[in-house]
>>> print(open('data03.cif').read())   # mmCIF, C-alpha atoms, pLDDT in the B column; chains and numbers go by the auth columns
data_final
#
loop_
_atom_site.group_PDB
_atom_site.id
_atom_site.type_symbol
_atom_site.label_atom_id
_atom_site.label_comp_id
_atom_site.label_asym_id
_atom_site.label_seq_id
_atom_site.Cartn_x
_atom_site.Cartn_y
_atom_site.Cartn_z
_atom_site.B_iso_or_equiv
_atom_site.auth_seq_id
_atom_site.auth_asym_id
ATOM 1 C CA MET A 1 124.511 104.732 91.983 79.00 1 G
ATOM 2 C CA ARG A 2 121.061 105.809 93.081 92.00 2 G
ATOM 3 C CA LYS A 3 117.901 104.031 91.974 95.00 3 G
ATOM 4 C CA ASN A 4 114.841 105.282 90.138 98.00 4 G
ATOM 5 C CA ILE A 5 111.910 104.414 92.397 98.00 5 G
ATOM 6 C CA VAL A 6 108.135 104.685 92.070 98.00 6 G
ATOM 7 C CA ALA A 7 106.207 103.772 95.217 98.00 7 G
ATOM 8 C CA GLY A 8 102.414 103.674 95.397 98.00 8 G
ATOM 9 C CA ASN A 9 100.934 104.643 98.762 98.00 9 G
ATOM 10 C CA TRP A 10 97.394 103.289 98.733 98.00 10 G
ATOM 11 C CA LYS A 11 96.521 104.901 102.093 97.00 11 G
ATOM 12 C CA MET A 12 93.171 103.743 103.568 98.00 12 G
ATOM 13 C CA ASN A 13 91.790 102.457 100.275 98.00 13 G
ATOM 14 C CA ASN A 14 90.939 99.024 98.850 98.00 14 G
ATOM 15 C CA ASP A 15 89.552 96.049 100.738 98.00 15 G
ATOM 16 C CA LEU A 16 90.886 92.580 99.914 98.00 16 G
ATOM 17 C CA PRO A 17 88.910 91.971 96.679 98.00 17 G
ATOM 18 C CA GLN A 18 89.783 95.470 95.450 98.00 18 G
ATOM 19 C CA THR A 19 93.430 94.901 96.356 98.00 19 G
ATOM 20 C CA GLU A 20 93.511 91.625 94.438 97.00 20 G
ATOM 21 C CA SER A 21 91.891 93.275 91.435 98.00 21 G
ATOM 22 C CA LEU A 22 94.426 96.122 91.356 98.00 22 G
ATOM 23 C CA LEU A 23 97.340 93.742 91.804 98.00 23 G
ATOM 24 C CA GLN A 24 96.031 91.597 88.967 97.00 24 G
ATOM 25 C CA ASP A 25 95.943 94.657 86.726 97.00 25 G
ATOM 26 C CA LEU A 26 99.496 95.586 87.737 97.00 26 G
ATOM 27 C CA LYS A 27 100.763 92.085 86.992 96.00 27 G
ATOM 28 C CA LYS A 28 99.682 92.471 83.372 95.00 28 G
ATOM 29 C CA HIS A 29 102.365 95.116 82.860 96.00 29 G
ATOM 30 C CA VAL A 30 106.075 94.697 82.236 96.00 30 G
ATOM 31 C CA ILE A 31 108.174 96.437 84.882 96.00 31 G
ATOM 32 C CA PRO A 32 111.100 98.387 83.370 96.00 32 G
ATOM 33 C CA GLU A 33 114.485 97.171 84.553 95.00 33 G
ATOM 34 C CA ASN A 34 115.613 100.699 85.400 96.00 34 G
ATOM 35 C CA VAL A 35 112.842 101.342 87.956 98.00 35 G
ATOM 36 C CA SER A 36 112.201 99.846 91.399 98.00 36 G
ATOM 37 C CA VAL A 37 108.431 99.612 91.858 98.00 37 G
ATOM 38 C CA MET A 38 106.731 99.409 95.267 98.00 38 G
ATOM 39 C CA VAL A 39 103.135 99.312 96.487 98.00 39 G
ATOM 40 C CA ALA A 40 101.838 99.945 100.006 98.00 40 G
ATOM 41 C CA PRO A 41 98.402 98.361 100.595 98.00 41 G
ATOM 42 C CA ALA A 42 96.548 98.456 103.912 98.00 42 G
ATOM 43 C CA PHE A 43 97.967 96.397 106.795 98.00 43 G
ATOM 44 C CA THR A 44 95.128 93.876 106.442 98.00 44 G
ATOM 45 C CA ASN A 45 96.186 93.028 102.893 98.00 45 G
ATOM 46 C CA LEU A 46 99.979 93.027 103.159 98.00 46 G
ATOM 47 C CA PHE A 47 100.482 89.271 103.341 98.00 47 G
ATOM 48 C CA GLN A 48 98.042 88.544 100.521 97.00 48 G
ATOM 49 C CA ALA A 49 99.747 91.201 98.402 98.00 49 G
ATOM 50 C CA PHE A 50 103.175 89.778 99.172 98.00 50 G
ATOM 51 C CA GLU A 51 102.044 86.285 98.171 97.00 51 G
ATOM 52 C CA TYR A 52 100.349 87.603 95.052 96.00 52 G
ATOM 53 C CA LEU A 53 103.420 89.517 93.888 97.00 53 G
ATOM 54 C CA ARG A 54 106.043 87.031 95.084 94.00 54 G
ATOM 55 C CA GLU A 55 107.142 86.117 91.544 92.00 55 G
ATOM 56 C CA THR A 56 107.172 89.709 90.274 96.00 56 G
ATOM 57 C CA PRO A 57 109.677 92.576 90.660 97.00 57 G
ATOM 58 C CA ILE A 58 107.071 94.663 92.544 98.00 58 G
ATOM 59 C CA GLU A 59 107.905 95.072 96.231 98.00 59 G
ATOM 60 C CA VAL A 60 105.170 95.220 98.870 98.00 60 G
ATOM 61 C CA ILE A 61 105.865 97.842 101.538 98.00 61 G
ATOM 62 C CA ALA A 62 104.094 99.189 104.638 99.00 62 G
ATOM 63 C CA GLN A 63 102.557 102.604 105.218 98.00 63 G
ATOM 64 C CA ASN A 64 103.644 102.900 108.858 98.00 64 G
ATOM 65 C CA MET A 65 104.914 101.013 111.915 98.00 65 G
ATOM 66 C CA HIS A 66 105.256 101.454 115.662 98.00 66 G
ATOM 67 C CA GLN A 67 108.603 102.188 117.261 98.00 67 G
ATOM 68 C CA SER A 68 108.332 99.463 119.920 98.00 68 G
ATOM 69 C CA LYS A 69 109.195 95.818 119.369 97.00 69 G
ATOM 70 C CA LYS A 70 106.009 94.656 121.111 97.00 70 G
ATOM 71 C CA GLY A 71 103.694 95.601 123.957 98.00 71 G
ATOM 72 C CA ALA A 72 100.361 97.083 124.957 98.00 72 G
ATOM 73 C CA PHE A 73 99.902 99.307 121.925 98.00 73 G
ATOM 74 C CA THR A 74 96.434 98.451 120.685 98.00 74 G
ATOM 75 C CA GLY A 75 96.053 98.714 116.934 97.00 75 G
ATOM 76 C CA GLU A 76 99.763 99.098 116.220 98.00 76 G
ATOM 77 C CA VAL A 77 102.162 96.972 114.163 98.00 77 G
ATOM 78 C CA SER A 78 105.858 96.335 114.812 98.00 78 G
ATOM 79 C CA ALA A 79 108.803 95.943 112.470 98.00 79 G
ATOM 80 C CA GLN A 80 109.035 92.232 113.245 98.00 80 G
ATOM 81 C CA MET A 81 105.358 91.750 112.424 98.00 81 G
ATOM 82 C CA LEU A 82 105.915 93.396 109.046 98.00 82 G
ATOM 83 C CA LYS A 83 108.997 91.332 108.300 98.00 83 G
ATOM 84 C CA SER A 84 107.158 88.135 109.219 98.00 84 G
ATOM 85 C CA VAL A 85 104.745 88.691 106.318 98.00 85 G
ATOM 86 C CA GLY A 86 107.441 89.526 103.783 98.00 86 G
ATOM 87 C CA VAL A 87 107.577 93.312 104.163 98.00 87 G
ATOM 88 C CA ASN A 88 111.047 94.853 104.406 98.00 88 G
ATOM 89 C CA THR A 89 110.394 98.517 103.595 98.00 89 G
ATOM 90 C CA VAL A 90 108.250 100.997 105.520 99.00 90 G
ATOM 91 C CA ILE A 91 107.083 104.579 104.939 98.00 91 G
ATOM 92 C CA ILE A 92 107.808 106.772 107.968 98.00 92 G
ATOM 93 C CA GLY A 93 106.824 110.386 108.543 97.00 93 G
ATOM 94 C CA HIS A 94 104.116 110.778 105.910 97.00 94 G
ATOM 95 C CA SER A 95 102.492 114.200 106.215 94.00 95 G
ATOM 96 C CA GLU A 96 99.146 112.626 107.101 94.00 96 G
ATOM 97 C CA ARG A 97 100.747 110.745 110.004 96.00 97 G
ATOM 98 C CA ARG A 98 102.327 113.986 111.170 96.00 98 G
ATOM 99 C CA ALA A 99 99.106 116.003 110.831 93.00 99 G
ATOM 100 C CA TYR A 100 96.357 113.586 111.882 96.00 100 G
ATOM 101 C CA PHE A 101 98.197 111.380 114.366 97.00 101 G
ATOM 102 C CA ASN A 102 100.495 113.970 115.944 96.00 102 G
ATOM 103 C CA GLU A 103 103.716 112.209 114.988 98.00 103 G
ATOM 104 C CA THR A 104 106.487 114.583 116.002 98.00 104 G
ATOM 105 C CA ASN A 105 110.055 114.619 114.734 98.00 105 G
ATOM 106 C CA ALA A 106 111.085 112.947 118.002 98.00 106 G
ATOM 107 C CA ILE A 107 108.581 110.105 117.531 98.00 107 G
ATOM 108 C CA LEU A 108 109.652 109.683 113.920 98.00 108 G
ATOM 109 C CA ALA A 109 113.306 109.497 114.973 98.00 109 G
ATOM 110 C CA GLU A 110 112.383 106.556 117.215 98.00 110 G
ATOM 111 C CA LYS A 111 110.497 104.874 114.366 98.00 111 G
ATOM 112 C CA VAL A 112 113.399 105.342 111.972 98.00 112 G
ATOM 113 C CA SER A 113 115.819 103.797 114.457 98.00 113 G
ATOM 114 C CA ALA A 114 113.469 100.899 115.190 98.00 114 G
ATOM 115 C CA ALA A 115 113.050 100.104 111.495 98.00 115 G
ATOM 116 C CA LEU A 116 116.742 100.341 110.638 98.00 116 G
ATOM 117 C CA ASP A 117 117.753 98.352 113.717 98.00 117 G
ATOM 118 C CA SER A 118 115.413 95.629 112.416 98.00 118 G
ATOM 119 C CA ASP A 119 117.212 95.654 109.043 98.00 119 G
ATOM 120 C CA MET A 120 114.325 97.309 107.261 98.00 120 G
ATOM 121 C CA GLN A 121 114.516 99.966 104.561 98.00 121 G
ATOM 122 C CA VAL A 122 112.897 103.321 105.338 98.00 122 G
ATOM 123 C CA ILE A 123 111.166 105.792 103.039 98.00 123 G
ATOM 124 C CA PHE A 124 111.433 108.947 105.149 98.00 124 G
ATOM 125 C CA CYS A 125 108.928 111.672 104.269 98.00 125 G
ATOM 126 C CA PHE A 126 109.333 115.390 104.872 97.00 126 G
ATOM 127 C CA GLY A 127 107.908 118.619 103.500 94.00 127 G
ATOM 128 C CA GLU A 128 106.348 121.973 104.234 91.00 128 G
ATOM 129 C CA GLU A 129 102.763 123.178 104.497 87.00 129 G
ATOM 130 C CA LEU A 130 101.333 126.035 102.456 80.00 130 G
ATOM 131 C CA ASN A 131 101.903 128.680 105.154 84.00 131 G
ATOM 132 C CA ASP A 132 105.547 127.637 105.430 82.00 132 G
ATOM 133 C CA ARG A 133 105.959 128.068 101.689 82.00 133 G
ATOM 134 C CA LYS A 134 104.157 131.439 101.596 83.00 134 G
ATOM 135 C CA GLN A 135 106.273 132.771 104.462 88.00 135 G
ATOM 136 C CA GLY A 136 109.488 131.586 102.866 88.00 136 G
ATOM 137 C CA GLU A 137 110.175 129.191 105.733 89.00 137 G
ATOM 138 C CA HIS A 138 110.026 125.946 103.743 89.00 138 G
ATOM 139 C CA LEU A 139 113.756 125.308 103.858 91.00 139 G
ATOM 140 C CA GLU A 140 113.841 125.761 107.628 94.00 140 G
ATOM 141 C CA VAL A 141 110.934 123.333 108.030 94.00 141 G
ATOM 142 C CA VAL A 142 112.636 120.745 105.840 95.00 142 G
ATOM 143 C CA ASN A 143 115.879 121.233 107.775 95.00 143 G
ATOM 144 C CA ALA A 144 114.195 120.592 111.107 96.00 144 G
ATOM 145 C CA GLN A 145 112.368 117.503 109.890 97.00 145 G
ATOM 146 C CA LEU A 146 115.551 115.958 108.517 98.00 146 G
ATOM 147 C CA GLU A 147 117.846 116.935 111.362 97.00 147 G
ATOM 148 C CA GLN A 148 115.470 115.970 114.165 98.00 148 G
ATOM 149 C CA GLY A 149 113.826 112.959 112.553 98.00 149 G
ATOM 150 C CA LEU A 150 116.571 111.318 110.502 98.00 150 G
ATOM 151 C CA PHE A 151 120.090 112.662 110.826 98.00 151 G
ATOM 152 C CA HIS A 152 120.679 110.975 114.189 98.00 152 G
ATOM 153 C CA ILE A 153 121.357 107.664 112.440 98.00 153 G
ATOM 154 C CA GLU A 154 124.805 106.296 111.682 97.00 154 G
ATOM 155 C CA GLU A 155 126.461 106.851 108.327 97.00 155 G
ATOM 156 C CA SER A 156 126.349 103.115 107.635 97.00 156 G
ATOM 157 C CA GLN A 157 122.553 103.094 108.026 98.00 157 G
ATOM 158 C CA MET A 158 121.916 105.723 105.365 98.00 158 G
ATOM 159 C CA LYS A 159 122.240 103.094 102.635 97.00 159 G
ATOM 160 C CA ASN A 160 118.859 101.786 103.805 98.00 160 G
ATOM 161 C CA VAL A 161 117.118 105.168 103.589 98.00 161 G
ATOM 162 C CA ILE A 162 115.072 106.635 100.741 98.00 162 G
ATOM 163 C CA LEU A 163 113.928 110.245 101.043 98.00 163 G
ATOM 164 C CA ALA A 164 110.525 111.507 99.900 98.00 164 G
ATOM 165 C CA TYR A 165 109.825 115.227 99.629 96.00 165 G
ATOM 166 C CA GLU A 166 106.138 116.022 100.120 93.00 166 G
ATOM 167 C CA PRO A 167 104.977 119.605 99.719 89.00 167 G
ATOM 168 C CA VAL A 168 101.902 119.158 101.922 85.00 168 G
ATOM 169 C CA TRP A 169 99.993 121.800 99.985 78.00 169 G
ATOM 170 C CA ALA A 170 100.233 119.599 96.870 73.00 170 G
ATOM 171 C CA ILE A 171 98.931 116.335 98.356 71.00 171 G
ATOM 172 C CA GLY A 172 95.406 115.408 97.351 66.00 172 G
ATOM 173 C CA THR A 173 94.706 118.985 96.277 69.00 173 G
ATOM 174 C CA GLY A 174 95.391 118.629 92.584 67.00 174 G
ATOM 175 C CA GLU A 175 98.120 121.216 93.019 68.00 175 G
ATOM 176 C CA THR A 176 101.644 120.212 92.099 68.00 176 G
ATOM 177 C CA ALA A 177 104.942 121.886 92.789 76.00 177 G
ATOM 178 C CA SER A 178 106.465 122.922 89.503 86.00 178 G
ATOM 179 C CA PRO A 179 109.339 120.745 88.295 91.00 179 G
ATOM 180 C CA ASP A 180 111.667 123.633 89.137 92.00 180 G
ATOM 181 C CA GLN A 181 110.255 123.904 92.678 89.00 181 G
ATOM 182 C CA ALA A 182 110.710 120.169 93.141 92.00 182 G
ATOM 183 C CA GLN A 183 114.270 120.327 91.811 95.00 183 G
ATOM 184 C CA GLU A 184 115.089 123.256 94.112 93.00 184 G
ATOM 185 C CA ILE A 185 114.186 121.284 97.235 94.00 185 G
ATOM 186 C CA HIS A 186 115.679 118.001 96.027 97.00 186 G
ATOM 187 C CA LYS A 187 118.986 119.682 95.230 97.00 187 G
ATOM 188 C CA TYR A 188 118.942 121.506 98.564 96.00 188 G
ATOM 189 C CA VAL A 189 118.265 118.253 100.429 97.00 189 G
ATOM 190 C CA ARG A 190 121.021 116.400 98.598 98.00 190 G
ATOM 191 C CA GLU A 191 123.454 119.153 99.561 97.00 191 G
ATOM 192 C CA HIS A 192 122.175 118.993 103.147 97.00 192 G
ATOM 193 C CA VAL A 193 122.814 115.242 103.245 98.00 193 G
ATOM 194 C CA LYS A 194 126.323 115.913 101.944 98.00 194 G
ATOM 195 C CA ARG A 195 126.968 118.357 104.777 97.00 195 G
ATOM 196 C CA ALA A 196 125.524 116.016 107.392 97.00 196 G
ATOM 197 C CA TYR A 197 127.260 112.875 106.103 98.00 197 G
ATOM 198 C CA ASN A 198 129.413 112.874 102.963 98.00 198 G
ATOM 199 C CA THR A 199 129.389 113.241 99.184 98.00 199 G
ATOM 200 C CA ALA A 200 129.078 109.515 98.466 97.00 200 G
ATOM 201 C CA ILE A 201 125.939 109.159 100.565 98.00 201 G
ATOM 202 C CA ALA A 202 124.428 112.308 99.082 98.00 202 G
ATOM 203 C CA GLU A 203 125.049 111.158 95.522 97.00 203 G
ATOM 204 C CA ASN A 204 123.709 107.656 96.124 98.00 204 G
ATOM 205 C CA ILE A 205 120.557 108.379 98.120 98.00 205 G
ATOM 206 C CA SER A 206 117.295 108.366 96.154 98.00 206 G
ATOM 207 C CA ILE A 207 115.034 111.367 96.707 98.00 207 G
ATOM 208 C CA LEU A 208 111.430 110.930 95.600 98.00 208 G
ATOM 209 C CA TYR A 209 108.844 113.613 94.914 96.00 209 G
ATOM 210 C CA GLY A 210 105.415 113.121 96.487 92.00 210 G
ATOM 211 C CA GLY A 211 102.756 115.645 95.620 83.00 211 G
ATOM 212 C CA SER A 212 100.032 114.917 93.053 82.00 212 G
ATOM 213 C CA VAL A 213 102.251 113.193 90.508 91.00 213 G
ATOM 214 C CA LYS A 214 100.180 112.129 87.498 93.00 214 G
ATOM 215 C CA PRO A 215 100.897 110.569 84.092 96.00 215 G
ATOM 216 C CA ALA A 216 100.661 114.060 82.585 94.00 216 G
ATOM 217 C CA ASN A 217 103.420 115.607 84.704 94.00 217 G
ATOM 218 C CA ALA A 218 105.603 112.663 85.769 96.00 218 G
ATOM 219 C CA GLN A 219 108.048 112.785 82.868 97.00 219 G
ATOM 220 C CA GLU A 220 108.820 116.468 83.327 96.00 220 G
ATOM 221 C CA ILE A 221 109.282 116.073 87.084 95.00 221 G
ATOM 222 C CA PHE A 222 111.410 112.921 86.808 97.00 222 G
ATOM 223 C CA ALA A 223 113.638 114.598 84.215 97.00 223 G
ATOM 224 C CA LYS A 224 115.055 116.895 86.887 97.00 224 G
ATOM 225 C CA PRO A 225 118.576 115.836 87.886 97.00 225 G
ATOM 226 C CA ASP A 226 117.917 115.452 91.610 98.00 226 G
ATOM 227 C CA VAL A 227 114.461 113.830 91.373 98.00 227 G
ATOM 228 C CA ASP A 228 114.769 110.045 91.478 98.00 228 G
ATOM 229 C CA GLY A 229 111.111 109.049 91.280 98.00 229 G
ATOM 230 C CA GLY A 230 107.855 109.507 93.096 98.00 230 G
ATOM 231 C CA LEU A 231 105.790 108.559 96.115 97.00 231 G
ATOM 232 C CA ILE A 232 102.409 108.297 94.445 97.00 232 G
ATOM 233 C CA GLY A 233 99.012 108.664 96.129 94.00 233 G
ATOM 234 C CA GLY A 234 95.775 108.838 94.168 93.00 234 G
ATOM 235 C CA ALA A 235 97.274 107.852 90.821 96.00 235 G
ATOM 236 C CA ALA A 236 98.564 104.626 92.372 98.00 236 G
ATOM 237 C CA LEU A 237 94.996 103.337 92.719 98.00 237 G
ATOM 238 C CA LYS A 238 94.610 102.917 88.958 98.00 238 G
ATOM 239 C CA ALA A 239 96.977 100.442 87.337 98.00 239 G
ATOM 240 C CA GLU A 240 97.125 102.269 84.006 98.00 240 G
ATOM 241 C CA ASP A 241 97.939 105.610 85.632 98.00 241 G
ATOM 242 C CA PHE A 242 100.475 104.103 87.994 98.00 242 G
ATOM 243 C CA MET A 243 102.275 102.232 85.253 98.00 243 G
ATOM 244 C CA ALA A 244 102.295 105.325 83.051 98.00 244 G
ATOM 245 C CA ILE A 245 104.177 107.047 85.873 98.00 245 G
ATOM 246 C CA VAL A 246 106.541 104.064 86.242 98.00 246 G
ATOM 247 C CA ASN A 247 107.302 104.344 82.528 98.00 247 G
ATOM 248 C CA ALA A 248 107.895 108.089 82.678 97.00 248 G
ATOM 249 C CA PHE A 249 111.683 107.768 83.128 94.00 249 G
#
>>> encode(input="data03.cif", output="structure tokens")
Amino acid sequence: MRKNIVAGNWKMNNDLPQTESLLQDLKKHVIPENVSVMVAPAFTNLFQAFEYLRETPIEVIAQNMHQSKKGAFTGEVSAQMLKSVGVNTVIIGHSERRAYFNETNAILAEKVSAALDSDMQVIFCFGEELNDRKQGEHLEVVNAQLEQGLFHIEESQMKNVILAYEPVWAIGTGETASPDQAQEIHKYVREHVKRAYNTAIAENISILYGGSVKPANAQEIFAKPDVDGGLIGGAALKAEDFMAIVNAF
């Protein structure tokens, strides 16, 4: 049975005092038993966040990782480094990593394999840009991202994968795909997973929506049958907003 998940991607926001303040605000709230809650602070604050939330149900996750185990990769972080500070889940393929850091489907496939081979859980992001949507090519773009970046893994590894659909045109723009648009892609992706693997995997994999989810629209989006939660950006930086989204199921 698939999980309801709300994951907050803090991106390049919050120094250590700001991180501690936000975590303190989050700890004041009761986490519903039917939702898995995750937060992804900056690399510099992962260990402090893990220690701070150790006795809570909130999981601390990473925003990215390198595909190599170690080596001369200045500024990068490996799976083992993340695990050594208590982090067992990593976001891979976020649209900003694809756009600003030239992460191709081939690179992301390597990262996915590296994370899963290290017994980590992966939140794999995919989604189309505005031109793709306008030209009616969004399904083809999503297909390519999944097939080239993720579907090389073994069937047994899919239990450690969470999917996150990100319509790039709705990230940080204030625009949001309608609940019906989100459902269309989520249903399509679930059917695609079924074709690539099997029905059991397709029915049990969580597919999150990531594109300007707010307290005002979360309930309507999460009510769709194939939407299992959200990968939250800006709204994750305010405890009240984030928890309103968590409680939207």
>>> closest_atom_pairs(input="data03.cif", of="range 153-222 of chain G", to="range 95-114 of chain G", cutoff="8 Å", atoms="only C-alpha atoms", output="tab-separated table")
residue	atom	partner	partner_atom	distance
G:Ile153	CA	G:Ser113	CA	7.0
G:Glu166	CA	G:Ser95	CA	7.3
G:Val168	CA	G:Ser95	CA	6.6
>>> closest_residue(input="data03.cif", among="G:Lys11, G:Glu203, G:Ala72, G:Ile92", to="Gly149 in chain G", atoms="all atoms listed in the file")
G:Ile92
>>> residues_around(input="data03.cif", residues="range 123-129 of chain G", least_positions_apart="6", cutoff="8 Å", atoms="only C-alpha atoms", output="count of residues only")
23
>>> closest_residue(input="data03.cif", among="G:Phe50, G:Tyr188, G:Phe249, G:Phe242", to="Gly229 in chain G", atoms="all atoms listed in the file")
G:Phe249
>>> resolve_selection(input="data03.cif", expression="the PyMOL selection byres ((chain G and resi 83-87) around 8)", output="list of chain:residue names")
G:Leu46, G:Phe47, G:Phe50, G:Val60, G:Ile61, G:Ala62, G:Ala79, G:Gln80, G:Met81, G:Leu82, G:Asn88, G:Thr89, G:Val90
>>> residues_near_point(input="data03.cif", point="(108.5, 121.0, 89.2)", cutoff="9 Å", atoms="all atoms listed in the file", output="list in words")
Thr176, Ala177, Ser178, Pro179, Asp180, Gln181, Ala182, Gln183, Glu184, Asn217, Glu220, Ile221, Phe222 and Lys224 of chain G
>>> closest_residue(input="data03.cif", among="G:Met120, G:Ile245, G:Ala218, G:Ala236", to="Asp25 in chain G", atoms="all atoms listed in the file")
G:Ala236
>>> resolve_selection(input="data03.cif", expression="the PyMOL selection byres ((chain G and resi 228) around 8)", output="list in words")
Arg2, Lys3, Asn4, Ile5, Ser206, Ile207, Leu208, Tyr209, Phe222, Pro225, Asp226, Val227, Gly229 and Gly230 of chain G
>>> closest_residue(input="data03.cif", among="G:Glu155, G:Lys27, G:Asn247, G:Gly210", to="Glu55 in chain G", atoms="all atoms listed in the file")
G:Lys27
>>> atom_distance(input="data03.cif", atom1="CA of Ala196 in chain G", atom2="CA of Asn160 in chain G")
16.1 Å
